[in-house]
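Trainee: What follows is coords.pdb, made up of PDB, C-alpha atoms:
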ATOM      1  CA  MET K   1     -17.627 -12.738  14.096
ATOM      2  CA  ALA K   2     -15.594  -9.999  12.449
ATOM      3  CA  LYS K   3     -14.395  -7.297  14.813
ATOM      4  CA  ILE K   4     -13.128  -3.748  14.652
ATOM      5  CA  GLY K   5      -9.406  -3.038  14.513
ATOM      6  CA  ARG K   6      -7.942  -1.262  17.507
ATOM      7  CA  PHE K   7      -4.723  -0.291  19.208
ATOM      8  CA  LYS K   8      -3.346  -2.563  21.883
ATOM      9  CA  ASN K   9      -4.361  -0.041  24.532
ATOM     10  CA  ASP K  10      -4.898   3.692  25.034
ATOM     11  CA  ALA K  11      -1.223   4.295  25.769
ATOM     12  CA  ALA K  12      -0.193   2.694  22.450
ATOM     13  CA  ARG K  13      -2.721   4.843  20.608
ATOM     14  CA  GLU K  14      -1.509   8.026  22.316
ATOM     15  CA  ASN K  15       2.138   7.187  21.615
ATOM     16  CA  PHE K  16       1.322   6.515  17.981
ATOM     17  CA  LEU K  17      -0.646   9.731  17.504
ATOM     18  CA  ARG K  18       2.131  11.730  19.160
ATOM     19  CA  ALA K  19       4.681  10.264  16.732
ATOM     20  CA  TYR K  20       2.263  10.746  13.821
ATOM     21  CA  ALA K  21       1.907  14.443  14.607
ATOM     22  CA  GLU K  22       5.688  14.794  14.701
ATOM     23  CA  ALA K  23       6.093  12.871  11.432
ATOM     24  CA  GLU K  24       3.745  15.256   9.606
ATOM     25  CA  ALA K  25       6.668  17.704   9.472
ATOM     26  CA  LEU K  26       8.414  15.290   7.063
ATOM     27  CA  TRP K  27       5.837  15.980   4.337
ATOM     28  CA  PRO K  28       7.717  18.257   1.910
ATOM     29  CA  LEU K  29       4.741  19.835   0.113
ATOM     30  CA  PRO K  30       1.824  22.010   1.168
ATOM     31  CA  ALA K  31      -1.030  19.710   2.126
ATOM     32  CA  THR K  32      -4.599  19.805   3.270
ATOM     33  CA  THR K  33      -6.054  17.075   5.434
ATOM     34  CA  MET K  34      -9.617  15.880   5.781
ATOM     35  CA  ASP K  35     -11.610  13.115   7.414
ATOM     36  CA  ILE K  36     -14.301  11.584   5.224
ATOM     37  CA  ALA K  37     -17.172   9.534   6.619
ATOM     38  CA  THR K  38     -17.810   6.133   5.022
ATOM     39  CA  SER K  39     -19.966   3.159   5.968
ATOM     40  CA  LEU K  40     -16.858   1.542   7.469
ATOM     41  CA  GLY K  41     -15.659   4.554   9.439
ATOM     42  CA  THR K  42     -13.895   7.857   8.884
ATOM     43  CA  THR K  43     -10.950   7.967   6.484
ATOM     44  CA  HIS K  44      -8.074  10.383   7.041
ATOM     45  CA  ILE K  45      -6.694  11.847   3.816
ATOM     46  CA  ARG K  46      -3.739  14.091   2.982
ATOM     47  CA  ARG K  47      -4.046  16.028  -0.300
ATOM     48  CA  SER K  48      -1.124  17.599  -2.160
ATOM     49  CA  GLY K  49      -0.373  18.811  -5.653
ATOM     50  CA  ALA K  50      -2.257  20.457  -8.491
ATOM     51  CA  GLY K  51      -2.658  20.013 -12.227
ATOM     52  CA  GLU K  52      -4.751  18.358 -14.896
ATOM     53  CA  GLY K  53      -3.349  14.831 -14.666
ATOM     54  CA  THR K  54      -5.583  12.023 -13.456
ATOM     55  CA  PRO K  55      -5.397  12.071  -9.628
ATOM     56  CA  ILE K  56      -3.465   9.428  -7.742
ATOM     57  CA  VAL K  57      -4.614   7.620  -4.602
ATOM     58  CA  LEU K  58      -1.864   6.114  -2.428
ATOM     59  CA  LEU K  59      -2.449   3.004  -0.283
ATOM     60  CA  HIS K  60       0.157   2.205   2.353
ATOM     61  CA  ASN K  61       1.769  -0.958   3.662
ATOM     62  CA  PHE K  62       1.127  -2.940   6.845
ATOM     63  CA  GLY K  63       2.576  -0.983   9.744
ATOM     64  CA  GLY K  64       2.546   2.188   7.665
ATOM     65  CA  ASN K  65       0.176   5.093   7.078
ATOM     66  CA  GLY K  66      -0.321   7.843   4.537
ATOM     67  CA  LEU K  67       2.760   9.723   5.712
ATOM     68  CA  MET K  68       5.058   6.911   4.512
ATOM     69  CA  TRP K  69       4.916   8.409   0.990
ATOM     70  CA  HIS K  70       6.740  11.597   2.017
ATOM     71  CA  GLY K  71       9.899  10.584   0.156
ATOM     72  CA  VAL K  72       8.174  10.288  -3.242
ATOM     73  CA  ILE K  73       5.242  12.689  -3.031
ATOM     74  CA  GLU K  74       7.062  15.508  -4.841
ATOM     75  CA  THR K  75       7.499  13.345  -7.944
ATOM     76  CA  PHE K  76       3.935  12.037  -7.817
ATOM     77  CA  ALA K  77       2.390  15.490  -7.372
ATOM     78  CA  ARG K  78       4.241  17.459 -10.066
ATOM     79  CA  ASP K  79       1.306  17.654 -12.463
ATOM     80  CA  ARG K  80      -1.690  16.313 -10.569
ATOM     81  CA  VAL K  81      -3.431  16.044  -7.221
ATOM     82  CA  VAL K  82      -2.391  13.143  -5.000
ATOM     83  CA  TYR K  83      -4.354  11.723  -2.075
ATOM     84  CA  ALA K  84      -2.513   9.715   0.610
ATOM     85  CA  LEU K  85      -4.989   7.669   2.640
ATOM     86  CA  ASP K  86      -4.757   6.076   6.057
ATOM     87  CA  THR K  87      -6.475   2.786   5.217
ATOM     88  CA  VAL K  88      -9.535   2.177   7.369
ATOM     89  CA  GLY K  89      -8.938  -0.683   9.790
ATOM     90  CA  THR K  90      -5.196  -0.041  10.148
ATOM     91  CA  ALA K  91      -3.124   2.042  12.543
ATOM     92  CA  GLY K  92      -3.523   5.676  11.536
ATOM     93  CA  ARG K  93      -5.880   8.604  11.901
ATOM     94  CA  SER K  94      -8.715   6.762  10.173
ATOM     95  CA  VAL K  95     -11.260   5.310  12.604
ATOM     96  CA  GLN K  96     -12.971   2.030  11.747
ATOM     97  CA  THR K  97     -16.561   1.726  13.005
ATOM     98  CA  ALA K  98     -17.844  -1.310  11.066
ATOM     99  CA  PRO K  99     -16.127  -4.598  10.187
ATOM    100  CA  LEU K 100     -14.752  -5.453   6.773
ATOM    101  CA  THR K 101     -16.235  -8.904   6.276
ATOM    102  CA  LYS K 102     -15.186  -9.598   2.679
ATOM    103  CA  GLU K 103     -12.532  -8.474   0.235
ATOM    104  CA  SER K 104     -15.000  -6.471  -1.872
ATOM    105  CA  ASP K 105     -15.517  -4.184   1.143
ATOM    106  CA  PHE K 106     -12.239  -2.481   0.178
ATOM    107  CA  ALA K 107     -13.843  -1.414  -3.095
ATOM    108  CA  THR K 108     -16.965  -0.227  -1.274
ATOM    109  CA  TRP K 109     -14.817   1.809   1.105
ATOM    110  CA  LEU K 110     -12.671   3.410  -1.582
ATOM    111  CA  TYR K 111     -15.589   4.249  -3.822
ATOM    112  CA  GLU K 112     -17.346   6.010  -0.971
ATOM    113  CA  VAL K 113     -14.156   8.038  -0.471
ATOM    114  CA  LEU K 114     -13.936   8.841  -4.203
ATOM    115  CA  GLU K 115     -17.585   9.855  -4.269
ATOM    116  CA  ALA K 116     -17.068  12.231  -1.350
ATOM    117  CA  LEU K 117     -14.009  13.701  -3.110
ATOM    118  CA  ASP K 118     -15.958  13.979  -6.392
ATOM    119  CA  LEU K 119     -13.308  11.939  -8.238
ATOM    120  CA  GLU K 120     -14.508  10.172 -11.371
ATOM    121  CA  ARG K 121     -11.230   8.435 -12.217
ATOM    122  CA  VAL K 122      -7.986   7.770 -10.346
ATOM    123  CA  HIS K 123      -4.772   5.801 -10.497
ATOM    124  CA  LEU K 124      -4.169   3.540  -7.497
ATOM    125  CA  VAL K 125      -0.631   3.075  -6.201
ATOM    126  CA  GLY K 126      -0.174   0.552  -3.395
ATOM    127  CA  TYR K 127       2.853  -0.729  -1.530
ATOM    128  CA  SER K 128       3.005  -4.215   0.038
ATOM    129  CA  HIS K 129      -0.308  -4.718   1.896
ATOM    130  CA  GLY K 130      -1.621  -1.647   0.089
ATOM    131  CA  ALA K 131      -0.761  -3.265  -3.254
ATOM    132  CA  TRP K 132      -3.129  -6.105  -2.373
ATOM    133  CA  HIS K 133      -5.794  -3.539  -1.487
ATOM    134  CA  ALA K 134      -5.307  -1.811  -4.860
ATOM    135  CA  ALA K 135      -5.557  -5.095  -6.761
ATOM    136  CA  ALA K 136      -8.619  -6.185  -4.761
ATOM    137  CA  ILE K 137     -10.375  -2.879  -5.420
ATOM    138  CA  ALA K 138      -9.714  -3.149  -9.164
ATOM    139  CA  LEU K 139     -10.842  -6.775  -9.145
ATOM    140  CA  HIS K 140     -14.203  -6.051  -7.533
ATOM    141  CA  ASP K 141     -15.003  -2.704  -9.182
ATOM    142  CA  SER K 142     -12.732  -1.000 -11.694
ATOM    143  CA  SER K 143     -15.261   1.552 -12.925
ATOM    144  CA  ARG K 144     -13.264   4.519 -11.582
ATOM    145  CA  ILE K 145      -9.784   2.999 -11.827
ATOM    146  CA  ALA K 146      -7.483   4.291 -14.582
ATOM    147  CA  GLY K 147      -4.638   1.968 -13.604
ATOM    148  CA  ILE K 148      -2.945   0.233 -10.693
ATOM    149  CA  THR K 149       0.679   0.200  -9.599
ATOM    150  CA  LEU K 150       1.556  -2.666  -7.265
ATOM    151  CA  ILE K 151       4.855  -2.226  -5.440
ATOM    152  CA  GLU K 152       6.094  -5.430  -3.786
ATOM    153  CA  PRO K 153       2.666  -7.088  -3.431
ATOM    154  CA  GLY K 154       2.654 -10.047  -1.074
ATOM    155  CA  GLY K 155       0.153 -12.627  -2.268
ATOM    156  CA  VAL K 156      -1.844 -11.611  -5.392
ATOM    157  CA  PHE K 157       0.457 -13.550  -7.756
ATOM    158  CA  THR K 158       2.202 -16.170  -5.607
ATOM    159  CA  LYS K 159       2.558 -17.229  -1.992
ATOM    160  CA  PRO K 160       5.889 -16.737  -0.267
ATOM    161  CA  ALA K 161       7.870 -19.952   0.123
ATOM    162  CA  TRP K 162       7.085 -21.971   3.236
ATOM    163  CA  LYS K 163      10.520 -21.255   4.698
ATOM    164  CA  ILE K 164       9.767 -17.531   4.364
ATOM    165  CA  LEU K 165       6.373 -17.912   6.035
ATOM    166  CA  PHE K 166       8.004 -19.929   8.807
ATOM    167  CA  GLN K 167      10.567 -17.175   9.396
ATOM    168  CA  MET K 168       7.769 -14.576   9.513
ATOM    169  CA  ILE K 169       6.015 -16.675  12.152
ATOM    170  CA  ARG K 170       9.243 -16.868  14.144
ATOM    171  CA  PHE K 171       9.536 -13.091  14.153
ATOM    172  CA  GLY K 172       5.869 -12.852  15.172
ATOM    173  CA  VAL K 173       6.455 -15.172  18.102
ATOM    174  CA  GLY K 174       9.531 -13.141  19.033
ATOM    175  CA  GLY K 175       7.398 -10.201  20.103
ATOM    176  CA  LYS K 176       7.395  -6.516  19.243
ATOM    177  CA  SER K 177      10.608  -5.411  20.923
ATOM    178  CA  GLU K 178      12.819  -2.907  19.101
ATOM    179  CA  GLU K 179      15.498  -5.598  18.725
ATOM    180  CA  ASN K 180      13.089  -8.093  17.153
ATOM    181  CA  LEU K 181      11.713  -5.451  14.776
ATOM    182  CA  ARG K 182      15.248  -4.457  13.809
ATOM    183  CA  ARG K 183      16.187  -8.057  13.008
ATOM    184  CA  MET K 184      12.977  -8.523  11.012
ATOM    185  CA  MET K 185      13.719  -5.385   8.971
ATOM    186  CA  GLU K 186      17.279  -6.520   8.294
ATOM    187  CA  TRP K 187      15.952  -9.823   6.985
ATOM    188  CA  LEU K 188      12.920  -8.596   5.013
ATOM    189  CA  SER K 189      14.264  -5.227   3.823
ATOM    190  CA  PRO K 190      18.075  -5.226   3.987
ATOM    191  CA  GLY K 191      19.516  -1.772   3.569
ATOM    192  CA  VAL K 192      16.498  -0.099   5.179
ATOM    193  CA  THR K 193      16.764   1.057   8.779
ATOM    194  CA  LEU K 194      14.205   2.792  10.961
ATOM    195  CA  ASP K 195      15.116   6.077  12.605
ATOM    196  CA  PRO K 196      13.723   6.779  16.109
ATOM    197  CA  LEU K 197      10.640   8.577  14.770
ATOM    198  CA  GLU K 198       9.840   5.758  12.353
ATOM    199  CA  GLN K 199      10.365   3.269  15.165
ATOM    200  CA  ALA K 200       7.908   5.213  17.318
ATOM    201  CA  LEU K 201       5.311   4.910  14.556
ATOM    202  CA  VAL K 202       5.947   1.313  13.558
ATOM    203  CA  GLY K 203       5.988  -0.158  17.067
ATOM    204  CA  PRO K 204       2.362   0.680  17.990
ATOM    205  CA  ALA K 205       1.257   0.096  14.378
ATOM    206  CA  ILE K 206       2.616  -3.456  14.349
ATOM    207  CA  GLU K 207       0.818  -4.101  17.629
ATOM    208  CA  TYR K 208      -2.441  -2.669  16.249
ATOM    209  CA  ARG K 209      -5.045  -5.435  16.295
ATOM    210  CA  MET K 210      -5.951  -5.336  12.634
ATOM    211  CA  LYS K 211      -9.113  -7.168  11.563
ATOM    212  CA  ILE K 212      -9.128  -6.647   7.812
ATOM    213  CA  GLY K 213      -7.449  -9.862   6.700
ATOM    214  CA  TRP K 214      -4.342 -10.620   4.674
ATOM    215  CA  ALA K 215      -3.433 -10.839   1.022
ATOM    216  CA  ARG K 216      -4.332 -13.933  -0.950
ATOM    217  CA  VAL K 217      -3.251 -15.319  -4.317
ATOM    218  CA  PHE K 218      -5.679 -14.416  -7.100
ATOM    219  CA  THR K 219      -6.899 -17.179  -9.398
ATOM    220  CA  ASP K 220      -6.020 -17.201 -13.098
ATOM    221  CA  ALA K 221      -9.592 -16.155 -13.932
ATOM    222  CA  GLU K 222      -9.423 -13.260 -11.468
ATOM    223  CA  LEU K 223      -6.151 -12.029 -12.960
ATOM    224  CA  ARG K 224      -7.657 -12.192 -16.455
ATOM    225  CA  SER K 225     -10.571 -10.075 -15.238
ATOM    226  CA  LEU K 226      -8.191  -7.275 -14.227
ATOM    227  CA  THR K 227      -8.527  -5.339 -17.449
ATOM    228  CA  VAL K 228      -7.175  -2.015 -16.172
ATOM    229  CA  PRO K 229      -3.518  -1.273 -16.989
ATOM    230  CA  SER K 230      -1.212  -2.530 -14.250
ATOM    231  CA  LEU K 231       2.417  -2.064 -13.323
ATOM    232  CA  THR K 232       3.988  -4.461 -10.829
ATOM    233  CA  ILE K 233       7.341  -3.593  -9.256
ATOM    234  CA  PHE K 234       9.592  -5.948  -7.299
ATOM    235  CA  GLY K 235      13.088  -5.961  -5.919
ATOM    236  CA  GLU K 236      15.031  -8.881  -7.379
ATOM    237  CA  ASP K 237      15.896 -10.038  -3.858
ATOM    238  CA  SER K 238      12.288  -9.884  -2.667
ATOM    239  CA  LEU K 239      11.186 -12.507  -0.178
ATOM    240  CA  VAL K 240       7.437 -11.969  -0.532
ATOM    241  CA  ALA K 241       6.930 -13.585  -3.944
ATOM    242  CA  ASN K 242       8.369 -16.080  -6.412
ATOM    243  CA  LEU K 243       9.451 -13.719  -9.179
ATOM    244  CA  GLU K 244       9.752 -16.374 -11.885
ATOM    245  CA  ALA K 245       6.215 -17.589 -11.252
ATOM    246  CA  THR K 246       4.962 -14.004 -10.921
ATOM    247  CA  SER K 247       6.462 -13.088 -14.285
ATOM    248  CA  ALA K 248       4.850 -16.111 -15.923
ATOM    249  CA  ARG K 249       1.414 -15.382 -14.466
ATOM    250  CA  ILE K 250       1.519 -11.728 -15.513
ATOM    251  CA  ALA K 251       2.617 -12.652 -19.038
ATOM    252  CA  GLU K 252      -0.093 -15.287 -19.390
ATOM    253  CA  HIS K 253      -3.044 -13.738 -17.586
ATOM    254  CA  LEU K 254      -2.618  -9.930 -17.528
ATOM    255  CA  PRO K 255      -2.809  -8.638 -21.100
ATOM    256  CA  HIS K 256      -2.419  -5.058 -19.861
ATOM    257  CA  GLY K 257       0.153  -5.904 -17.193
ATOM    258  CA  GLU K 258       3.801  -4.903 -16.927
ATOM    259  CA  LEU K 259       6.464  -6.237 -14.550
ATOM    260  CA  VAL K 260       9.625  -4.360 -13.578
ATOM    261  CA  THR K 261      12.312  -5.650 -11.248
ATOM    262  CA  TYR K 262      15.346  -3.869  -9.826
ATOM    263  CA  PRO K 263      18.617  -5.582  -8.872
ATOM    264  CA  ASN K 264      20.131  -5.367  -5.400
ATOM    265  CA  THR K 265      16.804  -4.421  -3.818
ATOM    266  CA  ALA K 266      14.277  -6.286  -1.685
ATOM    267  CA  HIS K 267      10.931  -5.619  -0.016
ATOM    268  CA  GLY K 268      12.060  -2.183   1.116
ATOM    269  CA  ILE K 269      12.584  -1.069  -2.490
ATOM    270  CA  LEU K 270      10.395   2.025  -2.067
ATOM    271  CA  PHE K 271      12.852   3.295   0.550
ATOM    272  CA  GLN K 272      16.028   1.963  -1.073
ATOM    273  CA  ILE K 273      15.537   3.636  -4.475
ATOM    274  CA  PRO K 274      12.539   5.928  -3.977
ATOM    275  CA  GLU K 275      13.152   8.293  -6.886
ATOM    276  CA  ARG K 276      13.607   5.479  -9.400
ATOM    277  CA  ILE K 277      10.378   3.833  -8.244
ATOM    278  CA  ALA K 278       8.459   7.108  -8.298
ATOM    279  CA  THR K 279       9.797   8.061 -11.739
ATOM    280  CA  ARG K 280       8.973   4.656 -13.238
ATOM    281  CA  THR K 281       5.492   4.794 -11.733
ATOM    282  CA  MET K 282       4.858   8.239 -13.168
ATOM    283  CA  GLU K 283       6.072   7.155 -16.617
ATOM    284  CA  PHE K 284       3.484   4.369 -16.529
ATOM    285  CA  ILE K 285       0.724   6.684 -15.298
ATOM    286  CA  ALA K 286       1.490   9.466 -17.791
ATOM    287  CA  ARG K 287       1.576   7.019 -20.702
ATOM    288  CA  HIS K 288      -1.835   5.631 -19.877
ATOM    289  CA  ASP K 289      -3.222   9.114 -19.339
ATOM    290  CA  ARG K 290      -2.105   9.995 -22.883
ATOM    291  CA  GLU K 291      -3.543   6.795 -24.319
ATOM    292  CA  SER K 292      -6.838   7.392 -22.531
ATOM    293  CA  ALA K 293      -7.032  10.980 -23.825
ATOM    294  CA  ALA K 294      -6.338   9.797 -27.386
ATOM    295  CA  ARG K 295      -9.293   7.366 -27.361
TER     296      ARG K 295
END
Could you write out this file's structure as structure tokens?

Mentor:
Amino acid sequence: MAKIGRFKNDAARENFLRAYAEAEALWPLPATTMDIATSLGTTHIRRSGAGEGTPIVLLHNFGGNGLMWHGVIETFARDRVVYALDTVGTAGRSVQTAPLTKESDFATWLYEVLEALDLERVHLVGYSHGAWHAAAIALHDSSRIAGITLIEPGGVFTKPAWKILFQMIRFGVGGKSEENLRRMMEWLSPGVTLDPLEQALVGPAIEYRMKIGWARVFTDAELRSLTVPSLTIFGEDSLVANLEATSARIAEHLPHGELVTYPNTAHGILFQIPERIATRTMEFIARHDRESAAR
């Protein structure tokens, strides 16, 4: 039976929330926060920006939360409103109250959030685990989706190689010590290091007992059904996907899909070259806003 995600214990939750409150000071723009009730629980949202551009909804990675976008929010919010969500069922200020039993529940959840925010159309931008969520939402109901940007999606297009999966399992067995997390980061995202505040957030978040599943590879038919414009971004040294196979699948099955890769970057690309990723994402979003307005 599906269960509800939860922190390892009360102390882990309190430590996380203490670090979360401290990390809010990193957000460089004025922001309003709100908690929206959905059938799966309350969703914590941070809203910044203003303007007439189609709003953006940000979906974070595993071990992250809405605050992880602080390094790129200024670029995203220059001419539009941006909403950074703490995904329900993950470590954050959102509180899950009902289980997600199938992938389409992500679409149900997001559309209840959009309805409460009175948003008719949005761009989804997801990183890592959040990229899978964005793709799954568009797959199951794209009626309010103007486009999706998938940054370093694990799954969706290809599975990681078995040797990569085996190494991930080894790190999992190694426990959640700071040393093990540091070694995992060096392997998965070379060039990206966690400062003490980030470590204080990631530690309890990694230990959070998440019950919302993991990314899967979409079938050819499912990819063809993704008719919304999509931008997929990878580091050329990424370990989470086979880039040659990913490129081939996008070219063959995503008529409105684009793939961009950056040299000398890996899974931590959003933190290695944040401004380049944000600028490229906004070029894609602005172009499709113009094309939509011209129709």

Trainee: Using all atoms listed in the file, what does the table of segment 47-102 of chain K residues within 12 Å of segment 209-222 of chain K look like, with each row giving the shortest atom pair and its distance in Å to one decimal, sorted by chain and ascending number, as a tab-separated table?

Mentor:
residue	atom	partner	partner_atom	distance
K:Asn61	CA	K:Ala215	CA	11.5
K:Phe62	CA	K:Met210	CA	9.5
K:Gly63	CA	K:Met210	CA	10.0
K:Thr87	CA	K:Ile212	CA	10.1
K:Val88	CA	K:Ile212	CA	8.8
K:Gly89	CA	K:Met210	CA	6.2
K:Thr90	CA	K:Met210	CA	5.9
K:Ala91	CA	K:Met210	CA	7.9
K:Gly92	CA	K:Met210	CA	11.3
K:Val95	CA	K:Met210	CA	11.9
K:Gln96	CA	K:Lys211	CA	10.0
K:Thr97	CA	K:Lys211	CA	11.7
K:Ala98	CA	K:Lys211	CA	10.5
K:Pro99	CA	K:Lys211	CA	7.6
K:Leu100	CA	K:Ile212	CA	5.8
K:Thr101	CA	K:Ile212	CA	7.6
K:Lys102	CA	K:Ile212	CA	8.5

Trainee: On this structure, the PyMOL selection byres ((chain K and resi 233) around 7) would catch which residues? List them as a PyMOL selection string, sorted by chain and number.

Mentor: chain K and resi 150-152+231-232+234+259-261

Trainee: Limited to C-alpha atoms, could you put the picked residues into a file as a short mmCIF file (atom, residue, chain, number, x, y, z; two decimals), in the frame of the given file?

Mentor:
data_model
loop_
_atom_site.label_atom_id
_atom_site.label_comp_id
_atom_site.auth_asym_id
_atom_site.auth_seq_id
_atom_site.Cartn_x
_atom_site.Cartn_y
_atom_site.Cartn_z
CA LEU K 150 1.56 -2.67 -7.26
CA ILE K 151 4.86 -2.23 -5.44
CA GLU K 152 6.09 -5.43 -3.79
CA LEU K 231 2.42 -2.06 -13.32
CA THR K 232 3.99 -4.46 -10.83
CA PHE K 234 9.59 -5.95 -7.30
CA LEU K 259 6.46 -6.24 -14.55
CA VAL K 260 9.62 -4.36 -13.58
CA THR K 261 12.31 -5.65 -11.25
#

Trainee: Would you mind listing what lies within 10 Å of Ile250 of chain K as a list in words, with all atoms listed in the file counted and same-chain residues fewer than 2 positions away left out?

Mentor: Phe157, Asp220, Leu223, Arg224, Ser230, Leu231, Thr232, Ala245, Thr246, Ser247, Ala248, Glu252, His253, Leu254, Pro255, His256, Gly257, Glu258 and Leu259 of chain K

Trainee: Between atom CA of Phe7 of chain K and atom CA of Pro204 of chain K, what is the distance, to one decimal in Å?

Mentor: 7.3 Å

Trainee: Please measure the separation of atom CA of Ala107 of chain K and atom CA of Ala266 of chain K, giving the value in Å to one decimal.

Mentor: 28.6 Å

Trainee: With all atoms listed in the file as the atoms that count, which of K:Ala77, K:Gly53, K:Ala146, K:Val72 lies nearest to Pro30 of chain K?

Mentor: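 Once distances to Pro30 of chain K are computed over all atoms listed in the file, the minimum belongs to K:Ala77.
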
Trainee: Distance atom CA of Glu24 of chain K-atom CA of Trp69 of chain K, one decimal place?

Mentor: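 Going from atom CA of Glu24 of chain K over to atom CA of Trp69 of chain K, I get 11.1 Å.
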
Trainee: Could you tell me which of K:Arg287, K:His267, K:Arg144, K:Arg121 comes closest to Pro190 of chain K if we count all atoms listed in the file?

Mentor: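 Comparing K:Arg287, K:His267, K:Arg144, K:Arg121 against Pro190 of chain K, the winner is K:His267.
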
Trainee: Given 3 Å on each side, where is the centre and what are the edge lengths in Å to one decimal of the axis-aligned box enclosing the listed atoms of segment 203-219 of chain K, as lines of an AutoDock Vina configuration file?

Mentor:
center_x = -1.6
center_y = -8.2
center_z = 4.3
size_x = 21.1
size_y = 23.9
size_z = 33.4

Trainee: Taking all atoms listed in the file into account, which of K:Glu244, K:Glu74, K:Glu291, K:Asp105 comes nearest Pro229 of chain K?

Mentor: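 When distances to Pro229 of chain K are compared using all atoms listed in the file, the smallest one comes from K:Glu291.
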
Trainee: Which polymer residues have any atom within 8 Å of an atom of Gly49 of chain K, counting all atoms listed in the file, with same-chain residues fewer than 5 positions away left out, as a ChimeraX atom specification?

Mentor: /K:29-31,77-82

Trainee: On this file, the PyMOL selection byres ((chain K and resi 203) around 10) gives some set of residues; write that set as number ranges by chain.

Mentor: K: 12, 15-16, 63, 176-178, 181, 198-202, 204-208

Trainee: Can you turn the PyMOL selection byres ((chain K and resi 129-135) around 7) into a concrete residue list for this file, as a ChimeraX atom specification?

Mentor: /K:59-62,106,124-128,136-139,148,150-151,153-154,156,215
